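Asker: Input file: data-v8.txt. Contents: compact mmCIF, C-alpha atoms and all ligand atoms.
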```
# COMPACT_ATOMS: atom_id res chain seq x y z
CA ALA A 1 8.45 -83.86 -91.13
CA ARG A 2 5.22 -84.58 -93.00
CA ASP A 3 4.48 -80.88 -93.11
CA LEU A 4 7.81 -80.10 -94.67
CA LEU A 5 7.42 -82.72 -97.39
CA PHE A 6 3.99 -81.39 -98.24
CA GLN A 7 5.31 -77.86 -98.44
CA SER A 8 8.13 -78.75 -100.83
CA GLU A 9 5.86 -80.73 -103.16
CA ARG A 10 3.48 -77.85 -103.24
CA ILE A 11 6.25 -75.43 -104.14
CA ASP A 12 7.39 -77.62 -107.03
CA VAL A 13 3.93 -77.74 -108.55
CA VAL A 14 3.43 -74.01 -108.21
CA SER A 15 6.89 -73.24 -109.51
CA HIS A 16 6.35 -75.38 -112.59
CA LEU A 17 2.99 -73.81 -113.31
CA ALA A 18 4.35 -70.31 -112.87
CA ALA A 19 7.21 -70.95 -115.26
CA SER A 20 4.92 -71.89 -118.09
CA VAL A 21 2.21 -69.32 -117.53
CA ALA A 22 3.71 -66.04 -116.30
CA HIS A 23 5.42 -64.90 -119.50
CA GLU A 24 2.37 -65.72 -121.62
CA ILE A 25 0.04 -63.67 -119.46
CA ARG A 26 2.04 -60.48 -119.41
CA ASN A 27 1.51 -59.49 -123.07
CA PRO A 28 -2.28 -59.64 -123.12
CA LEU A 29 -2.31 -57.71 -119.83
CA THR A 30 -0.25 -54.94 -121.36
CA VAL A 31 -2.41 -54.78 -124.48
CA THR A 32 -5.65 -54.70 -122.49
CA ASN A 33 -4.24 -52.01 -120.24
CA GLY A 34 -3.39 -49.88 -123.27
CA PHE A 35 -6.86 -50.13 -124.83
CA LEU A 36 -8.60 -49.41 -121.54
CA GLN A 37 -6.48 -46.28 -121.11
CA LEU A 38 -7.54 -45.17 -124.59
CA LEU A 39 -11.20 -45.91 -123.87
CA GLY A 40 -10.93 -43.89 -120.66
CA LYS A 41 -10.06 -40.82 -122.71
CA SER A 42 -13.23 -41.06 -124.81
CA GLN A 43 -15.50 -37.99 -124.70
CA THR A 44 -18.66 -39.96 -125.39
CA ILE A 45 -18.79 -42.21 -122.32
CA THR A 46 -20.57 -41.49 -119.05
CA GLU A 47 -19.00 -40.96 -115.64
CA GLU A 48 -20.32 -44.34 -114.58
CA GLU A 49 -18.64 -46.02 -117.52
CA LYS A 50 -15.41 -44.22 -116.66
CA MET A 51 -15.66 -45.74 -113.20
CA TYR A 52 -15.93 -49.23 -114.69
CA ILE A 53 -12.78 -48.56 -116.64
CA GLU A 54 -11.01 -47.37 -113.47
CA TYR A 55 -11.97 -50.57 -111.66
CA SER A 56 -10.81 -52.66 -114.59
CA LEU A 57 -7.45 -50.88 -114.61
CA ILE A 58 -7.03 -51.45 -110.86
CA GLU A 59 -7.77 -55.15 -111.23
CA LEU A 60 -5.41 -55.40 -114.20
CA LYS A 61 -2.72 -53.85 -112.05
CA ARG A 62 -3.39 -56.50 -109.44
CA ALA A 63 -2.99 -59.23 -112.05
CA GLU A 64 0.22 -57.58 -113.20
CA GLY A 65 1.45 -57.63 -109.59
CA ILE A 66 0.79 -61.35 -109.34
CA VAL A 67 2.69 -62.01 -112.54
CA SER A 68 5.59 -59.81 -111.40
CA GLU A 69 5.96 -61.65 -108.11
CA PHE A 70 5.97 -64.87 -110.08
CA LEU A 71 8.08 -64.19 -113.15
CA ALA A 72 11.44 -64.86 -111.58
CA PHE A 73 9.94 -68.00 -110.11
CA SER A 74 10.67 -69.92 -113.29
CA ARG A 75 13.51 -72.41 -113.43
CA PRO A 76 16.99 -70.94 -113.21
CA GLN A 77 18.25 -69.92 -116.63
CA SER A 78 21.87 -70.52 -117.42
CA GLU A 79 22.45 -67.02 -118.78
CA ASN A 80 21.41 -65.57 -115.42
CA MET A 81 23.80 -67.65 -113.35
CA VAL A 82 26.56 -65.75 -111.58
CA TYR A 83 29.26 -66.66 -109.10
CA SER A 84 29.41 -63.81 -106.64
CA ASN A 85 29.09 -62.56 -103.04
CA LEU A 86 25.67 -60.82 -103.29
CA GLU A 87 27.21 -57.34 -103.05
CA ALA A 88 26.01 -56.25 -106.51
CA GLU A 89 22.48 -57.52 -105.84
CA THR A 90 22.33 -55.81 -102.44
CA GLU A 91 23.42 -52.51 -104.01
CA TYR A 92 20.97 -52.90 -106.90
CA ILE A 93 17.97 -53.71 -104.70
CA LYS A 94 18.78 -50.84 -102.37
CA ASN A 95 18.82 -48.46 -105.34
CA ILE A 96 15.60 -49.60 -106.96
CA MET A 97 13.68 -49.79 -103.67
CA THR A 98 14.77 -46.39 -102.33
CA PRO A 99 11.93 -44.40 -104.00
CA PHE A 100 9.32 -46.77 -102.50
CA ALA A 101 11.07 -46.55 -99.12
CA ASN A 102 11.13 -42.74 -99.26
CA MET A 103 7.41 -42.68 -99.95
CA HIS A 104 6.86 -44.37 -96.59
CA ASP A 105 9.53 -42.60 -94.56
CA VAL A 106 11.74 -45.64 -94.44
CA GLN A 107 15.54 -45.43 -94.29
CA ILE A 108 17.53 -48.23 -95.86
CA GLN A 109 20.85 -49.29 -94.32
CA SER A 110 23.04 -51.91 -95.90
CA SER A 111 26.30 -53.61 -95.14
CA VAL A 112 28.06 -56.39 -97.00
CA ARG A 113 30.84 -58.06 -95.04
CA ASN A 114 30.94 -61.24 -97.03
CA THR A 115 33.78 -62.48 -99.21
CA LEU A 116 32.36 -65.95 -99.90
CA LYS A 117 30.99 -66.58 -103.37
CA LEU A 118 27.79 -68.38 -104.20
CA ARG A 119 26.46 -69.67 -107.49
CA TYR A 120 22.96 -68.32 -108.02
CA ASP A 121 20.42 -67.10 -110.53
CA LYS A 122 20.70 -63.31 -110.47
CA ASN A 123 17.05 -62.68 -111.40
CA GLN A 124 15.70 -65.03 -108.77
CA ILE A 125 17.83 -63.57 -105.99
CA GLN A 126 16.86 -60.04 -107.01
CA GLN A 127 13.18 -60.97 -107.06
CA CYS A 128 13.55 -62.64 -103.70
CA LEU A 129 15.15 -59.53 -102.16
CA ILE A 130 12.55 -57.27 -103.78
CA ASN A 131 9.77 -59.31 -102.17
CA LEU A 132 11.44 -59.14 -98.76
CA PHE A 133 12.14 -55.40 -99.08
CA LYS A 134 8.58 -54.75 -100.24
CA ASN A 135 7.14 -56.62 -97.26
CA ALA A 136 9.49 -54.86 -94.85
CA ILE A 137 8.58 -51.42 -96.19
CA GLU A 138 4.87 -52.26 -96.24
CA ALA A 139 5.16 -53.31 -92.59
CA MET A 140 6.35 -49.76 -91.82
CA ARG A 141 4.02 -47.91 -94.18
CA ASP A 142 2.10 -46.11 -91.42
CA THR A 143 5.01 -45.37 -89.12
CA GLY A 144 8.18 -45.09 -91.16
CA GLY A 145 11.25 -46.81 -89.78
CA THR A 146 14.45 -48.51 -90.77
CA LEU A 147 15.10 -51.39 -93.11
CA THR A 148 18.48 -53.02 -92.59
CA ILE A 149 20.11 -55.55 -94.86
CA ASP A 150 23.24 -57.20 -93.62
CA VAL A 151 25.22 -59.77 -95.58
CA SER A 152 27.90 -61.64 -93.65
CA GLU A 153 29.67 -64.99 -93.66
CA GLU A 154 29.84 -67.97 -91.38
CA LYS A 155 32.08 -70.99 -91.68
CA ARG A 156 30.96 -72.14 -95.11
CA ALA A 157 27.79 -70.18 -95.58
CA VAL A 158 26.54 -66.74 -96.47
CA VAL A 159 24.07 -65.15 -94.05
CA VAL A 160 21.60 -62.50 -95.18
CA LYS A 161 19.58 -60.63 -92.56
CA ILE A 162 16.74 -58.28 -93.43
CA THR A 163 15.30 -56.40 -90.48
CA ASP A 164 12.41 -53.95 -90.25
CA THR A 165 10.97 -51.91 -87.41
CA GLY A 166 7.40 -52.45 -88.57
CA ILE A 167 4.19 -54.05 -87.35
CA GLY A 168 5.65 -57.50 -86.70
CA MET A 169 3.84 -60.83 -86.63
CA THR A 170 2.42 -63.21 -84.05
CA LYS A 171 3.64 -66.84 -83.87
CA GLU A 172 0.44 -67.89 -85.58
CA GLU A 173 1.04 -65.43 -88.43
CA ILE A 174 4.63 -66.62 -88.86
CA THR A 175 3.44 -70.20 -89.41
CA GLN A 176 1.25 -69.00 -92.30
CA LEU A 177 4.18 -67.50 -94.24
CA GLY A 178 4.73 -69.12 -97.62
CA ARG A 179 1.23 -70.55 -97.83
CA PRO A 180 -0.01 -69.67 -101.34
CA TYR A 181 -2.31 -66.63 -101.28
CA TYR A 182 -1.82 -66.00 -97.56
CA SER A 183 -2.00 -62.23 -97.21
CA THR A 184 -3.17 -59.81 -94.55
CA LYS A 185 -3.11 -56.89 -96.99
CA LYS A 186 -6.06 -55.50 -98.88
CA GLU A 187 -4.11 -55.42 -102.13
CA GLY A 188 -1.81 -58.35 -101.35
CA THR A 189 -1.12 -61.32 -103.61
CA GLY A 190 0.14 -63.69 -100.93
CA LEU A 191 2.74 -64.99 -103.37
CA GLY A 192 5.88 -63.09 -102.35
CA MET A 193 6.95 -65.32 -99.47
CA LEU A 194 6.19 -68.45 -101.47
CA MET A 195 8.67 -67.19 -104.05
CA VAL A 196 11.22 -66.38 -101.35
CA TYR A 197 10.97 -69.79 -99.68
CA SER A 198 11.17 -71.58 -102.99
CA THR A 199 14.27 -69.69 -104.11
CA ILE A 200 16.14 -70.19 -100.85
CA ARG A 201 15.20 -73.85 -100.79
CA LYS A 202 16.63 -74.34 -104.29
CA LEU A 203 19.94 -73.00 -102.95
CA ASN A 204 19.78 -75.48 -100.04
CA GLY A 205 19.41 -72.52 -97.73
CA LYS A 206 17.55 -72.17 -94.45
CA ILE A 207 15.23 -69.36 -93.43
CA LYS A 208 14.69 -68.10 -89.91
CA VAL A 209 11.97 -65.62 -88.97
CA GLU A 210 12.05 -63.65 -85.74
CA SER A 211 9.25 -61.23 -85.12
CA GLU A 212 7.49 -59.35 -82.40
CA LYS A 213 4.10 -57.75 -82.79
CA GLY A 214 4.49 -53.99 -82.84
CA LYS A 215 8.29 -54.14 -82.81
CA GLY A 216 9.45 -55.55 -86.12
CA THR A 217 10.74 -58.55 -87.97
CA THR A 218 14.02 -60.13 -89.00
CA PHE A 219 14.26 -62.60 -91.85
CA SER A 220 17.61 -64.38 -91.93
CA PHE A 221 18.64 -66.86 -94.51
CA THR A 222 21.76 -68.95 -94.57
CA ILE A 223 23.00 -70.33 -97.87
CA PRO A 224 25.83 -72.87 -97.90
CA THR A 225 28.70 -72.39 -100.35
CA SER A 226 28.03 -75.52 -102.46
P1 LIG L 301 1.68 -60.03 -99.66
O1 LIG L 301 2.83 -59.11 -99.38
O2 LIG L 301 1.14 -59.87 -101.04
O3 LIG L 301 0.59 -59.94 -98.60
P2 LIG L 301 3.60 -62.10 -99.07
O4 LIG L 301 3.65 -63.56 -99.40
O5 LIG L 301 4.73 -61.26 -99.52
O6 LIG L 301 2.22 -61.55 -99.61
O7 LIG L 301 3.45 -61.95 -97.49
C1 LIG L 301 2.41 -62.65 -96.84
C2 LIG L 301 2.04 -62.01 -95.52
O8 LIG L 301 3.10 -62.18 -94.58
C3 LIG L 301 1.80 -60.52 -95.56
O9 LIG L 301 0.49 -60.21 -95.99
C4 LIG L 301 2.05 -60.13 -94.10
O10 LIG L 301 0.91 -60.38 -93.32
C5 LIG L 301 3.14 -61.10 -93.67
N1 LIG L 301 4.48 -60.49 -93.71
C6 LIG L 301 5.47 -60.75 -94.60
N2 LIG L 301 6.56 -60.01 -94.34
C7 LIG L 301 6.28 -59.27 -93.25
C8 LIG L 301 7.01 -58.31 -92.46
N3 LIG L 301 8.25 -57.94 -92.78
N4 LIG L 301 6.38 -57.76 -91.39
C9 LIG L 301 5.11 -58.10 -91.06
N5 LIG L 301 4.37 -59.00 -91.75
C10 LIG L 301 4.94 -59.58 -92.84
MG MG L 302 4.70 -59.23 -100.32
```
So that I can check it, write out the structure of this file as structure tokens.
Ligand code: ADP
Ligand code: MG

Answerer:
Amino acid sequence: ARDLLFQSERIDVVSHLAASVAHEIRNPLTVTNGFLQLLGKSQTITEEEKMYIEYSLIELKRAEGIVSEFLAFSRPQSENMVYSNLEAETEYIKNIMTPFANMHDVQIQSSVRNTLKLRYDKNQIQQCLINLFKNAIEAMRDTGGTLTIDVSEEKRAVVVKITDTGIGMTKEEITQLGRPYYSTKKEGTGLGMLMVYSTIRKLNGKIKVESEKGKGTTFSFTIPTS
């Protein structure tokens, strides 16, 4: 129980910080990116200097990734609130993630068999699903595979299951999920799952993770209809 309390306090602090900082950071990143691109086209700089610019652009992209995974982390905004069954979001995420899935030989299957409506912040739920889809696809990047999203209903709750046939996780790795900056990827931010846990927690939902090394992973979350 002490662990849980600690985790939720931590999420509140991070969430508050993200809300105030993320938007402010994006503009200077974009401007810097633009000028570096221009500089890269200069005829008077050496190959070595070009390399420095390349590295700078890669690191900027990393910073941009961190901000992206955080932007929707901000407090729910009233104009984003909808009362719906997640069908539109499922469809939308499937569409925008399909190019990334194709790149890695991943098929996406979706089914929505849920008629219950939830009140939620559209942006936050989309961001949450993007993070889960991204992780699922990245877990299959070397092998290809299938990503399945299934939305169904229980007594008074909506159940979302996202399954991949990727690398899977050990028990030890599962316990690390949601710890800020925990990442096993070279280019990872370790912020995606933190965002996911925070969003589901705000909806009074529960998350279950089932995983087997080398076989794949299922994230299920259950959100009560208020
Ligand atoms: P990032 O994706 O930037 O590494 P996340 O917070 O999204 O950060 O995920 C943290 C870590 O959790 C990942 O680096 C990976 O080790 C593990 N993980 C998350 N989702 C999956 C998955 N579907 N399959 C295997 N490992 C996963
Ligand atoms: Mg991720």

Asker: Measuring between all atoms listed in the file, which one of A:Asn33, A:Gln127, A:Ser111, A:Thr98 shows the shortest distance to ligand MG 302 (chain L)?

Answerer: A:Gln127

Asker: Enumerate as a PDB file with C-alpha atoms, keeping the file's coordinate frame the residues within 7 Å of ligand LIG 301 (chain L), counting all atoms listed in the file.

Answerer:
```pdb
ATOM      1  CA  ASN A 131       9.770 -59.310-102.170  1.00  0.00           C
ATOM      2  CA  LEU A 132      11.440 -59.140 -98.760  1.00  0.00           C
ATOM      3  CA  ASN A 135       7.140 -56.620 -97.260  1.00  0.00           C
ATOM      4  CA  ALA A 136       9.490 -54.860 -94.850  1.00  0.00           C
ATOM      5  CA  ALA A 139       5.160 -53.310 -92.590  1.00  0.00           C
ATOM      6  CA  ASP A 164      12.410 -53.950 -90.250  1.00  0.00           C
ATOM      7  CA  GLY A 166       7.400 -52.450 -88.570  1.00  0.00           C
ATOM      8  CA  ILE A 167       4.190 -54.050 -87.350  1.00  0.00           C
ATOM      9  CA  GLY A 168       5.650 -57.500 -86.700  1.00  0.00           C
ATOM     10  CA  MET A 169       3.840 -60.830 -86.630  1.00  0.00           C
ATOM     11  CA  LEU A 177       4.180 -67.500 -94.240  1.00  0.00           C
ATOM     12  CA  GLY A 178       4.730 -69.120 -97.620  1.00  0.00           C
ATOM     13  CA  TYR A 181      -2.310 -66.630-101.280  1.00  0.00           C
ATOM     14  CA  TYR A 182      -1.820 -66.000 -97.560  1.00  0.00           C
ATOM     15  CA  SER A 183      -2.000 -62.230 -97.210  1.00  0.00           C
ATOM     16  CA  THR A 184      -3.170 -59.810 -94.550  1.00  0.00           C
ATOM     17  CA  LYS A 185      -3.110 -56.890 -96.990  1.00  0.00           C
ATOM     18  CA  GLU A 187      -4.110 -55.420-102.130  1.00  0.00           C
ATOM     19  CA  GLY A 188      -1.810 -58.350-101.350  1.00  0.00           C
ATOM     20  CA  THR A 189      -1.120 -61.320-103.610  1.00  0.00           C
ATOM     21  CA  GLY A 190       0.140 -63.690-100.930  1.00  0.00           C
ATOM     22  CA  LEU A 191       2.740 -64.990-103.370  1.00  0.00           C
ATOM     23  CA  GLY A 192       5.880 -63.090-102.350  1.00  0.00           C
ATOM     24  CA  MET A 193       6.950 -65.320 -99.470  1.00  0.00           C
ATOM     25  CA  LEU A 194       6.190 -68.450-101.470  1.00  0.00           C
ATOM     26  CA  GLY A 216       9.450 -55.550 -86.120  1.00  0.00           C
ATOM     27  CA  THR A 217      10.740 -58.550 -87.970  1.00  0.00           C
TER      28      THR A 217
END
```

Asker: Near Ile53 of chain A, within 12 Å and counting all atoms listed in the file, which residues show up once chain neighbours fewer than 5 positions away are dropped, as a short mmCIF file (atom, residue, chain, number, x, y, z; two decimals) with C-alpha atoms, keeping the file's coordinate frame?

Answerer:
```
data_model
loop_
_atom_site.label_atom_id
_atom_site.label_comp_id
_atom_site.auth_asym_id
_atom_site.auth_seq_id
_atom_site.Cartn_x
_atom_site.Cartn_y
_atom_site.Cartn_z
CA THR A 32 -5.65 -54.70 -122.49
CA ASN A 33 -4.24 -52.01 -120.24
CA GLY A 34 -3.39 -49.88 -123.27
CA PHE A 35 -6.86 -50.13 -124.83
CA LEU A 36 -8.60 -49.41 -121.54
CA GLN A 37 -6.48 -46.28 -121.11
CA LEU A 38 -7.54 -45.17 -124.59
CA LEU A 39 -11.20 -45.91 -123.87
CA GLY A 40 -10.93 -43.89 -120.66
CA LYS A 41 -10.06 -40.82 -122.71
CA SER A 42 -13.23 -41.06 -124.81
CA ILE A 45 -18.79 -42.21 -122.32
CA THR A 46 -20.57 -41.49 -119.05
CA GLU A 47 -19.00 -40.96 -115.64
CA GLU A 48 -20.32 -44.34 -114.58
CA ILE A 58 -7.03 -51.45 -110.86
CA GLU A 59 -7.77 -55.15 -111.23
CA LEU A 60 -5.41 -55.40 -114.20
#
```

Asker: In Å to one decimal, how far is atom CA of Lys161 of chain A from atom CA of Thr148 of chain A?

Answerer: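 Separating atom CA of Thr148 of chain A from atom CA of Lys161 of chain A is a distance of 7.7 Å.
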
Asker: Find, counting all atoms listed in the file, the residue in A:Lys215, A:Arg119, A:Lys171, A:His23 that gets nearest to Leu203 of chain A.

Answerer: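 Of the candidates, the smallest distance to Leu203 of chain A is held by A:Arg119.
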
Asker: For a test of reading the model, state the distance in Å between atom CA of Thr225 of chain A and atom CA of Glu91 of chain A, rounded to one decimal.

Answerer: 20.9 Å

Asker: Give me, please, the distance in Å between atom CA of Arg26 of chain A and atom CA of Gln124 of chain A, quoted to one decimal.

Answerer: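 Atom-to-atom, atom CA of Arg26 of chain A and atom CA of Gln124 of chain A are spaced 17.9 Å apart.
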
Asker: Can you tell me, as a PDB file with C-alpha atoms, in the coordinates of the input, which residues sit within 9 Å of (24.5, -67.7, -97.0) in the file's frame, using only C-alpha atoms?

Answerer:
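Saved the output as point_39.pdb:
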```pdb
ATOM      1  CA  LEU A 116      32.360 -65.950 -99.900  1.00  0.00           C
ATOM      2  CA  LEU A 118      27.790 -68.380-104.200  1.00  0.00           C
ATOM      3  CA  VAL A 151      25.220 -59.770 -95.580  1.00  0.00           C
ATOM      4  CA  SER A 152      27.900 -61.640 -93.650  1.00  0.00           C
ATOM      5  CA  GLU A 153      29.670 -64.990 -93.660  1.00  0.00           C
ATOM      6  CA  GLU A 154      29.840 -67.970 -91.380  1.00  0.00           C
ATOM      7  CA  ARG A 156      30.960 -72.140 -95.110  1.00  0.00           C
ATOM      8  CA  ALA A 157      27.790 -70.180 -95.580  1.00  0.00           C
ATOM      9  CA  VAL A 158      26.540 -66.740 -96.470  1.00  0.00           C
ATOM     10  CA  VAL A 159      24.070 -65.150 -94.050  1.00  0.00           C
ATOM     11  CA  VAL A 160      21.600 -62.500 -95.180  1.00  0.00           C
ATOM     12  CA  GLY A 205      19.410 -72.520 -97.730  1.00  0.00           C
ATOM     13  CA  LYS A 206      17.550 -72.170 -94.450  1.00  0.00           C
ATOM     14  CA  PHE A 221      18.640 -66.860 -94.510  1.00  0.00           C
ATOM     15  CA  THR A 222      21.760 -68.950 -94.570  1.00  0.00           C
ATOM     16  CA  ILE A 223      23.000 -70.330 -97.870  1.00  0.00           C
ATOM     17  CA  PRO A 224      25.830 -72.870 -97.900  1.00  0.00           C
ATOM     18  CA  THR A 225      28.700 -72.390-100.350  1.00  0.00           C
TER      19      THR A 225
END
```

Asker: Tell me which of A:Ile162, A:Ala22, A:Val209, A:Ala63 sits closest to Thr175 of chain A, counting only C-alpha atoms.

Answerer: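 Of A:Ile162, A:Ala22, A:Val209, A:Ala63, the one nearest Thr175 of chain A, counting only C-alpha atoms, is A:Val209.
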
Asker: Smallest atom-to-atom distance to Gln109 of chain A: which of A:Met97, A:Leu129, A:Leu147, A:Ile200, using only C-alpha atoms?

Answerer: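 Closest candidate: A:Leu147.
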
Asker: Looking at A:Ile66, A:Ile137, A:Val196, A:Ile125, which one is nearest to Ala101 of chain A, with distances taken over all atoms listed in the file?

Answerer: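 Ranking A:Ile66, A:Ile137, A:Val196, A:Ile125 by distance to Ala101 of chain A, first place goes to A:Ile137.
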
Asker: Using all atoms listed in the file, which of the listed residues (A:Ser68, A:Thr143, A:Asn95, A:Thr115) sits closest to ligand MG 302 (chain L)?

Answerer: A:Ser68

Asker: Please return the centre and edge lengths, in Å to one decimal, of a box with edges along x, y and z that contains all listed atoms of segment 21-37 of chain A, widened by 3 Å on every side, as lines of an AutoDock Vina configuration file.

Answerer:
```
center_x = -1.6
center_y = -57.8
center_z = -120.6
size_x = 20.0
size_y = 29.0
size_z = 14.5
```
